[in-house]
There are 2 protein chains.
Amino acid sequence: MTALSEHLAALRALVGEDSVTDDPARIAPHMADWRGRYTGSTDIMLMPGDTDALSRAVRYCHDHGLPVVPQGGNTGLVAGGLPGLNGRREILVSLKRMTSVIHVDADDHSLLAEAGCTIAAVQDAAEKAGRMFPLSLASEGSCTVGGTIATNAGGVHVIRYGTMRRLVLGVEAVLADGKIFEDLSPLRKDNRGYDLKQLLIGSEGTLGIITKATLQLSPAEKSRATAFIAVRDPGAALELLSLARDHGGDRVSVFELICETGLEMVLTHIPGTRRPFEHISPWYVLLELGGAEARSGLTGPLEKLLENALEAGLAQDASIAQSNRQRSEFWRLRESLSEAQSKEGASVKHDISVPVGKVPAFLTVATPALEAAFPGIRVTPFGHMGDGNLHFNVMQPKGAEKGDFLALWDGMNRMVHDFVTDHGGSISAEHGIGTIKRGELARLSTPARLETQRAIKKALDPKGILNPGALFN
Amino acid sequence: MTALSEHLAALRALVGEDSVTDDPARIAPHMADWRGRYTGSTDIMLMPGDTDALSRAVRYCHDHGLPVVPQGGNTGLVAGGLPGLNGRREILVSLKRMTSVIHVDADDHSLLAEAGCTIAAVQDAAEKAGRMFPLSLASEGSCTVGGTIATNAGGVHVIRYGTMRRLVLGVEAVLADGKIFEDLSPLRKDNRGYDLKQLLIGSEGTLGIITKATLQLSPAEKSRATAFIAVRDPGAALELLSLARDHGGDRVSVFELICETGLEMVLTHIPGTRRPFEHISPWYVLLELGGAEARSGLTGPLEKLLENALEAGLAQDASIAQSNRQRSEFWRLRESLSEAQSKEGASVKHDISVPVGKVPAFLTVATPALEAAFPGIRVTPFGHMGDGNLHFNVMQPKGAEKGDFLALWDGMNRMVHDFVTDHGGSISAEHGIGTIKRGELARLSTPARLETQRAIKKALDPKGILNPGALFN
């Protein structure tokens, strides 16, 4: 067996001094997961400056059977980008030095960026060119192009613009043996056999390490109209969604569900927040229309939609943002939900999806069942109702001991995931499987799905060196 | 070796008398390709009535090493659904008996259909529910759900709604060993590892036989505005496209390029067609805006857009359809291009794509080079400029002998494909590879792409029984 020092020296020779480190102080910031629940460990961190350097390093690791774990912005919620969990010895590959937006083509509505570029930087580059990169999620200031592709990230605009999968026109990636797969041309139509990039999207670093991507831009949304709406229950929210799409077509760009329990936590814990209207309702919807029309072209259609909704009894009250400031206030209520919950106490998280039409049925069945099984808990679901994705979070009982409550995590997960499966849903809507949901994936997948996934992994990474702790048990 | 009669008897026992035939008269209609260039042959045709029957049959074929070729509407243009080409012995699997639309969910904007259902039937079912299934292509009355998924079909609405890939929410398929892969839930977000359905889409029957699909519906386009526009050259068309998207955002649902040579063939050969305006221009654009707005809500924006285009010199003349009848007349000019060309004489076809922004450059380089290499030919490109996809068809010289001209097919293909590759394009934009482009795919693909595709095929169909003549050499 080659000693660690020999690997270090060999990798330094291959990729350069500045692209390899074993300095614990430099490595440490990459070892903590976003929620602070997991801590990774590694002897070596690679920080390649370009694709060729990464290719050489991966080839070396492949030849020597050294597993590697790629990491983007380290904002993941399923511990999929941390090396060394469960005692494995793995090398960390950080893409943090490959951060360029290489090229923006406004006419083509496309952009080429390196994997370590943040989503916020992509959004900015698109905006400067008079275009829009529509992926939008809470971590956009830190999360990266490579990471969001590897996890097929979602966020608040999926109802209109799709997940990252729909926004990727091309990728470049380093495969398990170090070979570079290059497919970066911004083609809208390309039917040359199996679409490998579709396989890399959402593969969580287990089939290749994404190094660059060509992303699809949209025409800028020159006008937006935003409303905060009180609804009686999720069933009414579903009908409101249908009405909104009948009126606004695919200009409905945001449709988020918020429960009163969550809103109250925001008002309690987040300074400067206030209710959009006095009416207290068990549920609310944050709705936004977006279009290429000139400024304020959408306020009229939104008013008309809300009139109809109020008349039909689908909404109890509603407020349309009259300024950018008010729009930001509405958004802050939605975006502060996670932070407010963590200030309120411990919570067990579920990133689940069901068919949009089954959201009400799922909530009606799952919520009381959980409340009965775990007395005192507070179910505070919220999220992207427009695409059936709920963050079905369960707060600890008031005054309960945090540790005791978190010990219930796995059992509660299983119960929620069973309800999700009964409703034809997914136990991972947008966060991925990572290392923490592998057991549940194996428990709830059909043999055909599991066998096929394993066969693909074995075919493209026969030595199992790419992120071996993720996805599979 | 088991005799043919034994296989027939065994398959009949497994799937029922009515699902198997060796009657040449019943088989014959399935053996001719759409263009009449290829003729398949087979001893056995399977026509399963449901997924379980197909599963049993495929398991038998797998166990006995009998290759199978799936066929949908048999409208493909690359001979990918014909058994027995090049002397192979293959069983035909026709999905033509599995034609049900099983379920339409208007609130969920989704629809579940069997693989043999035609796209026209899907469109009709969606329309009855007040929704729209946006895939639209010339063969929609015959082509099927399964076939369009297996080939990732495109058509005229891709600029706005994407190819079939974006419209598929779920699939059910029979895998090589007969196992059924079921993933039909209409989830908008689902990140449970590798997305096998993405691999099946565009795999041309080589990884599984699609039996059902859940398709995504759109809000109905309640209003449409359509214009026929004269433009100086493809460069002006590109600028017009940018202007249109600046004005109309993603409501630009059609952007088709037509050359005068092609238009003149339509006027000559297709009865009842006429020019939309007197102005004769080397190029034209068919542009359509679509939206959920009430009737005629888009005529104003289209007028404004065309005013700007005329002022800026991007358009020389334009006519907006004033009635459904006039709209149909404009569309007929576009849709008759293929038929008019075939009436004019023989043509060599290229279904190619380049990045949208490179369409003008490609035409500027490729057209004169071909004219120089093959004197007298008439290059008549047309197609989906909005997504960079051209049907770059080359007509025989006037009065030339058809057979002599068609003998040039392969050489001409190679020349065009080299220009396409130089421009970062694809040699198959929407038709697929089938059996006829395998050589070109192998010639022009990188080793990383080819090796990966082969590794996936081997992993999921180790015996090579699924459509063995397609994709790979």
# chains A, B, ... in the order shown; residues from 1 in each chain; ligands from 1
call {"tool": "residues_around", "arguments": {"residues": "Met265 (chain B)", "least_positions_apart": "2", "cutoff": "10 Å", "atoms": "only C-alpha atoms", "output": "list in words"}}
result
Glu260, Thr261, Gly262, Leu263, Leu267, Thr268, His269, Ile270, Leu333, Ser336, Leu337, Ser338, Glu339, Ala340, Gln341, Ser342, Lys343, Glu344 and Thr380 of chain B
call {"tool": "write_last_selection", "arguments": {"atoms": "N, CA and C atoms", "output": "PDB file, in the first residue's frame"}}
result
ATOM      1  N   GLU B 260     -37.132  30.738 -49.988  1.00  0.00           N
ATOM      2  CA  GLU B 260     -37.970  31.014 -51.168  1.00  0.00           C
ATOM      3  C   GLU B 260     -38.000  29.801 -52.113  1.00  0.00           C
ATOM      4  N   THR B 261     -36.844  29.135 -52.266  1.00  0.00           N
ATOM      5  CA  THR B 261     -36.811  27.950 -53.133  1.00  0.00           C
ATOM      6  C   THR B 261     -37.865  26.932 -52.698  1.00  0.00           C
ATOM      7  N   GLY B 262     -37.947  26.730 -51.385  1.00  0.00           N
ATOM      8  CA  GLY B 262     -38.929  25.787 -50.857  1.00  0.00           C
ATOM      9  C   GLY B 262     -40.348  26.305 -51.027  1.00  0.00           C
ATOM     10  N   LEU B 263     -40.551  27.603 -50.739  1.00  0.00           N
ATOM     11  CA  LEU B 263     -41.895  28.171 -50.857  1.00  0.00           C
ATOM     12  C   LEU B 263     -42.394  28.050 -52.292  1.00  0.00           C
ATOM     13  N   LEU B 267     -45.848  26.399 -53.801  1.00  0.00           N
ATOM     14  CA  LEU B 267     -46.820  27.089 -54.649  1.00  0.00           C
ATOM     15  C   LEU B 267     -47.028  26.351 -55.962  1.00  0.00           C
ATOM     16  N   THR B 268     -45.962  25.707 -56.445  1.00  0.00           N
ATOM     17  CA  THR B 268     -46.053  24.957 -57.703  1.00  0.00           C
ATOM     18  C   THR B 268     -46.828  23.653 -57.555  1.00  0.00           C
ATOM     19  N   HIS B 269     -46.546  22.937 -56.452  1.00  0.00           N
ATOM     20  CA  HIS B 269     -47.023  21.551 -56.379  1.00  0.00           C
ATOM     21  C   HIS B 269     -48.249  21.348 -55.492  1.00  0.00           C
ATOM     22  N   ILE B 270     -48.529  22.276 -54.611  1.00  0.00           N
ATOM     23  CA  ILE B 270     -49.626  22.054 -53.649  1.00  0.00           C
ATOM     24  C   ILE B 270     -50.813  22.935 -54.030  1.00  0.00           C
ATOM     25  N   LEU B 333     -48.394  26.434 -45.823  1.00  0.00           N
ATOM     26  CA  LEU B 333     -47.160  26.701 -46.579  1.00  0.00           C
ATOM     27  C   LEU B 333     -45.977  26.008 -45.914  1.00  0.00           C
ATOM     28  N   SER B 336     -46.363  21.975 -45.899  1.00  0.00           N
ATOM     29  CA  SER B 336     -46.318  21.292 -47.196  1.00  0.00           C
ATOM     30  C   SER B 336     -44.916  21.228 -47.789  1.00  0.00           C
ATOM     31  N   LEU B 337     -43.936  21.757 -47.083  1.00  0.00           N
ATOM     32  CA  LEU B 337     -42.585  21.824 -47.665  1.00  0.00           C
ATOM     33  C   LEU B 337     -42.040  20.446 -48.026  1.00  0.00           C
ATOM     34  N   SER B 338     -42.223  19.464 -47.116  1.00  0.00           N
ATOM     35  CA  SER B 338     -41.686  18.122 -47.397  1.00  0.00           C
ATOM     36  C   SER B 338     -42.383  17.503 -48.602  1.00  0.00           C
ATOM     37  N   GLU B 339     -43.711  17.611 -48.608  1.00  0.00           N
ATOM     38  CA  GLU B 339     -44.483  17.015 -49.708  1.00  0.00           C
ATOM     39  C   GLU B 339     -44.117  17.683 -51.039  1.00  0.00           C
ATOM     40  N   ALA B 340     -44.019  18.997 -51.030  1.00  0.00           N
ATOM     41  CA  ALA B 340     -43.677  19.716 -52.261  1.00  0.00           C
ATOM     42  C   ALA B 340     -42.306  19.301 -52.773  1.00  0.00           C
ATOM     43  N   GLN B 341     -41.370  19.131 -51.844  1.00  0.00           N
ATOM     44  CA  GLN B 341     -40.029  18.711 -52.257  1.00  0.00           C
ATOM     45  C   GLN B 341     -40.067  17.326 -52.888  1.00  0.00           C
ATOM     46  N   SER B 342     -40.856  16.435 -52.294  1.00  0.00           N
ATOM     47  CA  SER B 342     -40.851  15.080 -52.864  1.00  0.00           C
ATOM     48  C   SER B 342     -41.538  15.080 -54.227  1.00  0.00           C
ATOM     49  N   LYS B 343     -42.482  16.023 -54.445  1.00  0.00           N
ATOM     50  CA  LYS B 343     -43.086  16.113 -55.780  1.00  0.00           C
ATOM     51  C   LYS B 343     -42.116  16.727 -56.799  1.00  0.00           C
ATOM     52  N   GLU B 344     -41.233  17.556 -56.307  1.00  0.00           N
ATOM     53  CA  GLU B 344     -40.260  18.225 -57.180  1.00  0.00           C
ATOM     54  C   GLU B 344     -39.176  17.257 -57.666  1.00  0.00           C
ATOM     55  N   THR B 380     -32.313  23.478 -50.104  1.00  0.00           N
ATOM     56  CA  THR B 380     -33.591  24.068 -49.672  1.00  0.00           C
ATOM     57  C   THR B 380     -33.821  23.832 -48.181  1.00  0.00           C
TER      58      THR B 380
END
call {"tool": "interface_residues", "arguments": {"of": "chain B", "to": "chain A", "cutoff": "6 Å", "atoms": "only C-alpha atoms", "output": "PyMOL selection string"}}
result
chain B and resi 107-108+181+185-194+203+219+242+248-249+292+355-357+387+424+426+428-430+432+448+455+459
call {"tool": "residues_around", "arguments": {"residues": "Val68 (chain A)", "least_positions_apart": "2", "cutoff": "8 Å", "atoms": "only C-alpha atoms", "output": "list in words"}}
result
Val58, Cys61, Leu66, Pro70, Pro83, Glu90, Ile91, Leu92, Val93, Ile465, Leu466, Asn467 and Pro468 of chain A
call {"tool": "select_by_dssp", "arguments": {"residues": "region 300-383 of chain B", "states": "strand (DSSP E)", "output": "list in words"}}
result
Asp317, Ala318, Ser319, Ile320, Ser347, Val348, Asp351, Ile352, Ser353, Arg378, Val379, Thr380, Pro381, Phe382 and Gly383 of chain B
call {"tool": "write_last_selection", "arguments": {"atoms": "C-alpha atoms", "output": "mmCIF file, in the first residue's frame"}}
result
data_model
loop_
_atom_site.group_PDB
_atom_site.id
_atom_site.type_symbol
_atom_site.label_atom_id
_atom_site.label_comp_id
_atom_site.auth_asym_id
_atom_site.auth_seq_id
_atom_site.Cartn_x
_atom_site.Cartn_y
_atom_site.Cartn_z
ATOM 1 C CA ASP B 317 -42.768 42.691 -45.298
ATOM 2 C CA ALA B 318 -45.151 40.883 -42.948
ATOM 3 C CA SER B 319 -48.703 39.680 -42.776
ATOM 4 C CA ILE B 320 -50.615 38.851 -39.603
ATOM 5 C CA SER B 347 -33.747 15.025 -52.149
ATOM 6 C CA VAL B 348 -31.024 14.096 -49.695
ATOM 7 C CA ASP B 351 -31.913 16.555 -39.824
ATOM 8 C CA ILE B 352 -29.301 18.689 -38.138
ATOM 9 C CA SER B 353 -28.990 21.225 -35.372
ATOM 10 C CA ARG B 378 -30.707 23.092 -54.979
ATOM 11 C CA VAL B 379 -30.170 23.513 -51.239
ATOM 12 C CA THR B 380 -33.591 24.068 -49.672
ATOM 13 C CA PRO B 381 -33.195 24.315 -45.903
ATOM 14 C CA PHE B 382 -36.186 24.968 -43.697
ATOM 15 C CA GLY B 383 -37.254 24.213 -40.176
#
call {"tool": "closest_residue", "arguments": {"among": "A:Thr75, A:Thr211, A:Ser136, A:Ser55", "to": "Leu95 (chain A)", "atoms": "only C-alpha atoms"}}
result
A:Thr211
call {"tool": "select_by_dssp", "arguments": {"residues": "region 152-321 of chain A", "states": "helix (DSSP H, G or I)", "output": "JSON, numbers by chain"}}
result
{"A": [158, 159, 160, 161, 164, 165, 166, 167, 196, 197, 198, 199, 200, 234, 235, 236, 237, 238, 239, 240, 241, 242, 243, 244, 245, 246, 247, 248, 249, 250, 251, 260, 261, 262, 263, 264, 265, 266, 267, 268, 269, 299, 300, 301, 302, 303, 304, 305, 306, 307, 308, 309, 310, 311]}
call {"tool": "write_last_selection", "arguments": {"atoms": "N, CA and C atoms", "output": "compact mmCIF listing (two decimals), in the first residue's frame"}}
result
# COMPACT_ATOMS: atom_id res chain seq x y z
N VAL A 158 -39.68 26.38 -10.07
CA VAL A 158 -39.78 25.12 -10.81
C VAL A 158 -41.10 25.02 -11.56
N ILE A 159 -42.17 25.54 -10.97
CA ILE A 159 -43.48 25.43 -11.62
C ILE A 159 -43.43 25.99 -13.03
N ARG A 160 -42.62 27.02 -13.23
CA ARG A 160 -42.55 27.62 -14.56
C ARG A 160 -41.32 27.21 -15.35
N TYR A 161 -40.18 27.15 -14.70
CA TYR A 161 -38.92 26.97 -15.43
C TYR A 161 -38.29 25.59 -15.26
N MET A 164 -33.11 22.14 -12.28
CA MET A 164 -31.84 22.34 -12.98
C MET A 164 -31.78 21.48 -14.25
N ARG A 165 -32.39 20.31 -14.21
CA ARG A 165 -32.35 19.44 -15.39
C ARG A 165 -32.78 20.17 -16.66
N ARG A 166 -33.83 20.97 -16.53
CA ARG A 166 -34.34 21.63 -17.72
C ARG A 166 -33.45 22.81 -18.15
N LEU A 167 -32.62 23.27 -17.25
CA LEU A 167 -31.82 24.46 -17.52
C LEU A 167 -30.41 24.13 -18.02
N LEU A 196 -26.01 11.26 -22.03
CA LEU A 196 -25.24 11.04 -20.81
C LEU A 196 -25.41 12.19 -19.82
N LYS A 197 -25.60 13.41 -20.34
CA LYS A 197 -25.71 14.51 -19.37
C LYS A 197 -26.95 14.35 -18.50
N GLN A 198 -28.01 13.75 -19.05
CA GLN A 198 -29.20 13.52 -18.24
C GLN A 198 -28.90 12.56 -17.09
N LEU A 199 -27.96 11.65 -17.33
CA LEU A 199 -27.59 10.70 -16.30
C LEU A 199 -26.72 11.37 -15.24
N LEU A 200 -25.87 12.30 -15.67
CA LEU A 200 -25.01 13.01 -14.71
C LEU A 200 -25.84 13.95 -13.83
N PRO A 234 -55.42 23.38 2.12
CA PRO A 234 -54.66 23.04 0.92
C PRO A 234 -55.54 22.69 -0.28
N GLY A 235 -56.76 22.19 -0.02
CA GLY A 235 -57.68 21.91 -1.12
C GLY A 235 -58.03 23.19 -1.87
N ALA A 236 -58.30 24.26 -1.11
CA ALA A 236 -58.59 25.55 -1.75
C ALA A 236 -57.36 26.07 -2.48
N ALA A 237 -56.19 25.83 -1.90
CA ALA A 237 -54.94 26.26 -2.57
C ALA A 237 -54.80 25.56 -3.92
N LEU A 238 -55.16 24.28 -3.97
CA LEU A 238 -55.07 23.53 -5.23
C LEU A 238 -56.02 24.11 -6.28
N GLU A 239 -57.25 24.44 -5.83
CA GLU A 239 -58.19 25.04 -6.78
C GLU A 239 -57.71 26.41 -7.24
N LEU A 240 -57.12 27.15 -6.31
CA LEU A 240 -56.56 28.46 -6.65
C LEU A 240 -55.45 28.32 -7.70
N LEU A 241 -54.65 27.28 -7.54
CA LEU A 241 -53.58 27.03 -8.51
C LEU A 241 -54.14 26.80 -9.91
N SER A 242 -55.20 25.98 -9.99
CA SER A 242 -55.82 25.73 -11.29
C SER A 242 -56.38 27.02 -11.89
N LEU A 243 -57.04 27.81 -11.03
CA LEU A 243 -57.59 29.08 -11.50
C LEU A 243 -56.48 30.00 -11.99
N ALA A 244 -55.38 30.04 -11.24
CA ALA A 244 -54.26 30.91 -11.61
C ALA A 244 -53.69 30.51 -12.97
N ARG A 245 -53.59 29.22 -13.21
CA ARG A 245 -53.02 28.78 -14.48
C ARG A 245 -54.03 28.97 -15.61
N ASP A 246 -55.34 28.87 -15.29
CA ASP A 246 -56.34 29.18 -16.32
C ASP A 246 -56.22 30.64 -16.73
N HIS A 247 -56.00 31.52 -15.75
CA HIS A 247 -55.88 32.95 -16.05
C HIS A 247 -54.52 33.30 -16.63
N GLY A 248 -53.48 32.81 -15.99
CA GLY A 248 -52.14 33.30 -16.29
C GLY A 248 -51.30 32.38 -17.13
N GLY A 249 -51.82 31.19 -17.42
CA GLY A 249 -51.05 30.23 -18.21
C GLY A 249 -49.72 29.95 -17.53
N ASP A 250 -48.67 29.85 -18.33
CA ASP A 250 -47.39 29.53 -17.71
C ASP A 250 -46.67 30.77 -17.19
N ARG A 251 -47.40 31.87 -17.09
CA ARG A 251 -46.78 33.02 -16.42
C ARG A 251 -46.87 32.93 -14.90
N GLU A 260 -50.00 28.73 8.85
CA GLU A 260 -50.04 29.77 9.89
C GLU A 260 -49.02 29.49 11.00
N THR A 261 -48.89 28.22 11.37
CA THR A 261 -47.91 27.87 12.41
C THR A 261 -46.51 28.37 12.03
N GLY A 262 -46.15 28.17 10.77
CA GLY A 262 -44.85 28.63 10.29
C GLY A 262 -44.79 30.15 10.24
N LEU A 263 -45.85 30.77 9.73
CA LEU A 263 -45.85 32.23 9.63
C LEU A 263 -45.69 32.86 11.01
N GLU A 264 -46.38 32.28 11.99
CA GLU A 264 -46.28 32.84 13.34
C GLU A 264 -44.86 32.74 13.88
N MET A 265 -44.17 31.64 13.57
CA MET A 265 -42.77 31.52 14.00
C MET A 265 -41.91 32.61 13.35
N VAL A 266 -42.19 32.91 12.09
CA VAL A 266 -41.45 33.98 11.41
C VAL A 266 -41.70 35.31 12.11
N LEU A 267 -42.97 35.62 12.38
CA LEU A 267 -43.31 36.90 13.02
C LEU A 267 -42.68 37.01 14.41
N THR A 268 -42.56 35.87 15.09
CA THR A 268 -41.98 35.86 16.44
C THR A 268 -40.46 36.03 16.41
N HIS A 269 -39.80 35.34 15.48
CA HIS A 269 -38.33 35.24 15.57
C HIS A 269 -37.58 36.15 14.60
N THR A 299 -50.20 43.43 -13.16
CA THR A 299 -51.01 43.71 -11.98
C THR A 299 -52.50 43.57 -12.30
N GLY A 300 -52.89 44.04 -13.47
CA GLY A 300 -54.29 43.91 -13.89
C GLY A 300 -54.74 42.45 -13.90
N PRO A 301 -54.04 41.58 -14.64
CA PRO A 301 -54.42 40.16 -14.64
C PRO A 301 -54.44 39.55 -13.23
N LEU A 302 -53.50 39.94 -12.37
CA LEU A 302 -53.47 39.37 -11.03
C LEU A 302 -54.69 39.83 -10.22
N GLU A 303 -55.04 41.12 -10.37
CA GLU A 303 -56.23 41.63 -9.68
C GLU A 303 -57.47 40.86 -10.10
N LYS A 304 -57.59 40.67 -11.38
CA LYS A 304 -58.74 39.95 -11.94
C LYS A 304 -58.79 38.52 -11.39
N LEU A 305 -57.65 37.88 -11.37
CA LEU A 305 -57.57 36.52 -10.84
C LEU A 305 -58.01 36.48 -9.38
N LEU A 306 -57.54 37.43 -8.58
CA LEU A 306 -57.87 37.41 -7.15
C LEU A 306 -59.33 37.74 -6.92
N GLU A 307 -59.88 38.67 -7.71
CA GLU A 307 -61.33 38.93 -7.64
C GLU A 307 -62.12 37.63 -7.82
N ASN A 308 -61.77 36.91 -8.89
CA ASN A 308 -62.46 35.64 -9.15
C ASN A 308 -62.27 34.66 -8.00
N ALA A 309 -61.07 34.62 -7.46
CA ALA A 309 -60.79 33.67 -6.38
C ALA A 309 -61.59 34.03 -5.13
N LEU A 310 -61.68 35.32 -4.81
CA LEU A 310 -62.44 35.75 -3.63
C LEU A 310 -63.93 35.44 -3.83
N GLU A 311 -64.41 35.75 -5.03
CA GLU A 311 -65.82 35.46 -5.35
C GLU A 311 -66.14 33.99 -5.22
